[in-house]
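K.L.:
Below you will find the structure I want to go over with you.
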Amino acid sequence: MHPEGNPEFAISDKTDRDIHYIVTYLAKLNNGSFGADLSGSEPRRKNFEKAIASKQPVASSTLIFDTFPKDEQEGFVITMPVYNKSQSDAPLESVGVVNAVFSYGLFFKDVFNTNDQLLNDVSMTVTDTTDGKQILNNDRLSGDPSLTKVELVSFAGKQWEVEINAKRYFGVSQTQQKTSLLLALFIEAVGGLLIVVLYLQIRSKERAYRLADAMTEDLRLEKNRAVALQTRSDAILQSIGDGVFVIDMQQNVILMNKTAEQITGYTSAQALGKHYSQTIKFVSEDTHAEYKSFIEQALQGTVNSMADGTLLRHRDGHYIPVADSAAPILVGDKKVPAGAVVVFRDITQEKALDRAKDDFVSLASHQLSTPATAVKQFLGLVLENYAGELQKEQQMLVQKAYNNNEEQLLIVQDLLETARIDSGTSTLSLEQCNLHDMLQDIIASEADHSKKQSVTVRSNVAHDLTISADAVKLKMALGNLINNAIKYNKKDGTITLSAEKSNNTITITVADRGIGIKKDDINKLFSRFTRISTKKTSNIVGTGLGLYMVKKIVELHGGTVSVVSEEGKGTAFMIKIPQKGKA
Amino acid sequence: MTKILVVEDHIGIREAYEILFLKEGYKVTPVEDGKLALEETEKAEFDIILLDMVMPTMDGIEFLRAFLPENHPDTKIIIFSNLENEETLKEAMSLGAHRYIRKSTVPPKEMAAIVKEVLAEA
């Protein structure tokens with residue numbers, strides 16, 4: 001159905017051609033008129049008014065359609081008022097009419113198909129009772145009818161007189177009732193046809209309304225869903241126990257949650273739209289220099305953890321220890337960074353717990369250390385024959401006890417040193433150390449161990465290379481690396497120790513051709529109490545403190561430790577220490 | 001007979017050194033803290049004092065301050081401790097201690113050798 005009223009649908013009745021009826025929907029204009037049709041004939045206008053007033057479909061009296069072919073000009077219109085009901089209890093509002101044009105000739109031509117045997121034996125006239133106009137007279141019936149039936153049909157606000165005449169023989173095998181039934185069916189068919197025409201038209205209008213309503217409802221639901229989603233994600237963000245803020249590529253804050261407000265002392269309103277460092281300032285614990293690299297790297301596209309010892313400057317000036325990370329917001333198929341999400345949490349309590357744990361470890365280690373030392377002395381007395389000569393087997397057993405006690409003491413020593421490092425009470429006593437001699441001492445003290453593992457330790461270090469360091473601690477660190485290299489080596493493996501000086505930095509490398517370390521495990525290596533466990537290492541004893549201590553000792557010297565490893569091929573640890581000691 | 005004063009709060013370690021130095025032929029006086037050690041030094045002069053640092057009643061430093069090694073030129077003092085606090089060790093050495101031994105790493109025979117060595121020093 002087009003707005004200009006062109007017909008769009010067809011009613012087909014067993015014929016090979018479509019029969020078109022002009023059905024129009026006429027919307028009510030602002031001035032209350034119905035457009036061009038009102039300027040038409042008087043009967044048509046009256047029909048509109050009658051339909052609107054009665055709220056019922058109304059058929060007009062006979063009209064002449066000028067534009068129709070000559071034999072089809074007589075006809076009528078059925079007008080169906082259309083209302084809009086915005087709410088269930090609101091009054092009906094007239095919005096227009098559906099106007100269906102029926103030409104008598106066109107409309108009934110195909111209702112009475114000429115080839116229909118039944119209808120050749122029946123004649124029918126349909127008369128509009130309001131003006132007596134006979135709109136149908138099927139006079140195909142030859143001869144006088146022997147049966148006549150007249151029925152009044154109400155439809156479209158009019159009474160129609162339908163007269164059926166049938167031939168005498170038509171009823172031979174039929175009863176009167178059957179003829180009546182046929183008649184009734186036929187009348188139903190005529191009425192039904194009219195109704196179908198109207199229904200189709202009205203339905204299209206209703207469908208449009210329904211569609212509009214459905215669309216409106218969809219939109220409303222969609223909006224509600226979006227609002228709910230927004231509310232929900234907002235609620236989730238605000239409920240997160242960690243501080244969260246989001247920055248764009250210009251590093252301006254675009255979002256900040258309540259916990260972030262609490263930790264920083266700034267409100268979202270104060271932070272939003274400004275460079276994050278104006279309100280959320282991370283600094284390094286040691287230097288109080290602004291620490292932003294982890295955020296900058298996130299904006300480049302990588303997830304970054306904050307460095308240990310990160311502090312956040314509160315609005316009132318005090319510093320809060322914080323931890324966590326910055327992650328990029330990646331958008332599109334190409335995962336282009338569009339900003340970063342920074343998550344941080346106040347770790348004051350964790351730090352306090354950590355200190356309490358350190359204190360405990362320290363105390364426990366001291367308590368363990370003393371009796372273990374006494375055991376060492378007693379076993380030493382026995383082993384060194386202060387209590388008389390030992391038999392070979394006794395000697396062997398006491399030696400085993402002594403060795404295990406040694407190991408126990410080393411663990412305690414590691415724990416104590418770690419506790420000292422963590423509490424910040426570990427200080428350096430710098431002296432010029434000959435690196436070659438130090439490494440030779442370590443090789444000598446590890447001789448039994450390396451022999452047992454069939455591992456060869458070679459040192460390529462120049463005899464005159466010296467380093468300013470705390471001899472005891474550096475020896476502890478290097479000893480740990482060499483001990484590890486022996487422990488995690490292959491049978492008949494080798495360890496190469498080398499050292500070189502460049503730009504006042506001494507790089508000491510401990511390289512083995514052992515079992516290597518998985519890529520994923522490398523980051524965990526230097527964490528406290530971390531031991532990388534694999535099938536190959538499950539029998540190797542360790543505290544998980546060694547490398548942590550190595551790192552801390554090297555850092556105390558102002559240096560760094562790094563590792564290169566390939567699983568199955570070997571590992572190289574590199575210690576870089578400024579030759580003059582810590583700057 | 002060489003007289004040695006062993007000052008150590010832990011009974012096990014104290015006994016072990018007592019046995020060691022008895023076997024080595026010294027006259028051993030074991031005490032459990034600095035205060036008792038000071039009392040012993042008032043009764044007699046010792047050739048050597050093995051002094052623990054961390055003790056409950058009067059620790060090693062407090063003992064040294066009270067004992068004043070410069071007033072006892074014939075008494076050698078060996079600090080033996082597991083303490084790694086550089087400052088404390090430095091202070092002990094400056095107060096007149098002769099040697100520092102890490103007791104958890106030195107076995108008895110080596111300990112005896114060190115004592116002999118220190119005694120032989122001028």
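How things are named: the first chain in the structure tokens is A, the next is B, and so on; residues count from 1 in each chain; ligands count from 1 in the order shown.
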For A:Tyr291, work out the shell of residues within 10 Å, counting only C-alpha atoms and skipping chain neighbours fewer than 5 positions away, then give it as an NGL selection string.
P.N.:
:A and (277 or 281-285 or 296 or 306-307 or 310-312)
K.L.:
Hey, which bits of chain B sit within 7 Å of chain A, and for each residue what's the closest pair of atoms and how far apart in Å (one decimal), counting only C-alpha atoms, rows by chain and increasing number, as JSON lines?
P.N.:
{"residue": "B:Gly12", "atom": "CA", "partner": "A:Ala374", "partner_atom": "CA", "distance": 5.1}
{"residue": "B:Ile13", "atom": "CA", "partner": "A:Ala374", "partner_atom": "CA", "distance": 4.4}
{"residue": "B:Ala16", "atom": "CA", "partner": "A:Phe378", "partner_atom": "CA", "distance": 5.7}
{"residue": "B:Leu20", "atom": "CA", "partner": "A:Leu381", "partner_atom": "CA", "distance": 6.9}
{"residue": "B:Lys23", "atom": "CA", "partner": "A:Tyr386", "partner_atom": "CA", "distance": 6.8}
{"residue": "B:Ser104", "atom": "CA", "partner": "A:Thr373", "partner_atom": "CA", "distance": 4.9}
{"residue": "B:Pro107", "atom": "CA", "partner": "A:Gly380", "partner_atom": "CA", "distance": 5.8}
{"residue": "B:Pro108", "atom": "CA", "partner": "A:Gly380", "partner_atom": "CA", "distance": 5.8}
{"residue": "B:Lys109", "atom": "CA", "partner": "A:Glu384", "partner_atom": "CA", "distance": 6.9}
K.L.:
What parts of stretch 393-462 of chain A does DSSP call strand (DSSP E)? I'd like the answer as a PDB file with N, CA, C and O atoms, in the first residue's frame.
P.N.:
ATOM      1  N   LEU A 430      82.592  -2.630  52.745  1.00  0.00           N
ATOM      2  CA  LEU A 430      83.277  -2.700  51.456  1.00  0.00           C
ATOM      3  C   LEU A 430      84.793  -2.807  51.614  1.00  0.00           C
ATOM      4  O   LEU A 430      85.388  -2.176  52.470  1.00  0.00           O
ATOM      5  N   GLU A 431      85.371  -3.656  50.773  1.00  0.00           N
ATOM      6  CA  GLU A 431      86.830  -3.761  50.714  1.00  0.00           C
ATOM      7  C   GLU A 431      87.202  -4.186  49.295  1.00  0.00           C
ATOM      8  O   GLU A 431      86.344  -4.655  48.540  1.00  0.00           O
ATOM      9  N   GLN A 432      88.441  -4.010  48.907  1.00  0.00           N
ATOM     10  CA  GLN A 432      88.872  -4.450  47.588  1.00  0.00           C
ATOM     11  C   GLN A 432      89.062  -5.959  47.635  1.00  0.00           C
ATOM     12  O   GLN A 432      89.880  -6.472  48.396  1.00  0.00           O
ATOM     13  N   CYS A 433      88.282  -6.663  46.839  1.00  0.00           N
ATOM     14  CA  CYS A 433      88.365  -8.124  46.849  1.00  0.00           C
ATOM     15  C   CYS A 433      88.966  -8.583  45.525  1.00  0.00           C
ATOM     16  O   CYS A 433      88.593  -8.073  44.461  1.00  0.00           O
ATOM     17  N   ASN A 434      89.858  -9.553  45.611  1.00  0.00           N
ATOM     18  CA  ASN A 434      90.382 -10.162  44.397  1.00  0.00           C
ATOM     19  C   ASN A 434      89.377 -11.220  43.953  1.00  0.00           C
ATOM     20  O   ASN A 434      89.147 -12.218  44.642  1.00  0.00           O
ATOM     21  N   THR A 456      82.487 -30.196  36.356  1.00  0.00           N
ATOM     22  CA  THR A 456      83.754 -29.466  36.359  1.00  0.00           C
ATOM     23  C   THR A 456      83.487 -27.969  36.415  1.00  0.00           C
ATOM     24  O   THR A 456      82.679 -27.456  35.625  1.00  0.00           O
ATOM     25  N   VAL A 457      84.149 -27.288  37.353  1.00  0.00           N
ATOM     26  CA  VAL A 457      83.988 -25.835  37.445  1.00  0.00           C
ATOM     27  C   VAL A 457      85.280 -25.178  36.955  1.00  0.00           C
ATOM     28  O   VAL A 457      86.361 -25.450  37.473  1.00  0.00           O
ATOM     29  N   ARG A 458      85.161 -24.335  35.921  1.00  0.00           N
ATOM     30  CA  ARG A 458      86.342 -23.657  35.374  1.00  0.00           C
ATOM     31  C   ARG A 458      86.205 -22.155  35.569  1.00  0.00           C
ATOM     32  O   ARG A 458      85.131 -21.597  35.371  1.00  0.00           O
ATOM     33  N   SER A 459      87.296 -21.535  35.928  1.00  0.00           N
ATOM     34  CA  SER A 459      87.274 -20.083  36.065  1.00  0.00           C
ATOM     35  C   SER A 459      88.206 -19.449  35.048  1.00  0.00           C
ATOM     36  O   SER A 459      89.370 -19.820  34.935  1.00  0.00           O
TER      37      SER A 459
END
K.L.:
Taking 2 positions as the minimum chain separation for residues in the same chain, which residues sit within 10 Å of B:Ile101 when counting only C-alpha atoms? Answer as an mmCIF file with C-alpha atoms, in the first residue's frame.
P.N.:
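Written file, result_25.cif:
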data_model
loop_
_atom_site.group_PDB
_atom_site.id
_atom_site.type_symbol
_atom_site.label_atom_id
_atom_site.label_comp_id
_atom_site.auth_asym_id
_atom_site.auth_seq_id
_atom_site.Cartn_x
_atom_site.Cartn_y
_atom_site.Cartn_z
ATOM 1 C CA LEU B 50 85.972 -16.764 74.389
ATOM 2 C CA LEU B 51 83.170 -14.226 74.333
ATOM 3 C CA ASP B 52 79.721 -14.639 72.871
ATOM 4 C CA ILE B 78 88.128 -13.980 70.878
ATOM 5 C CA ILE B 79 84.602 -12.998 69.975
ATOM 6 C CA PHE B 80 82.683 -15.992 68.809
ATOM 7 C CA SER B 81 79.257 -15.357 67.548
ATOM 8 C CA ASN B 82 76.912 -15.903 64.662
ATOM 9 C CA LEU B 83 76.173 -12.234 64.748
ATOM 10 C CA ARG B 99 89.696 -12.084 66.750
ATOM 11 C CA LYS B 103 80.942 -20.275 65.759
ATOM 12 C CA SER B 104 78.479 -22.077 63.507
ATOM 13 C CA THR B 105 81.048 -22.576 60.748
ATOM 14 C CA VAL B 106 84.216 -23.420 62.692
ATOM 15 C CA MET B 111 88.654 -23.592 66.958
ATOM 16 C CA ILE B 114 92.743 -20.536 66.319
#
K.L.:
Using Å and a single decimal, report how far atom CA of B:Thr57 sits from atom CA of B:Glu18.
P.N.:
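Going from atom CA of B:Glu18 over to atom CA of B:Thr57 covers 20.5 Å.
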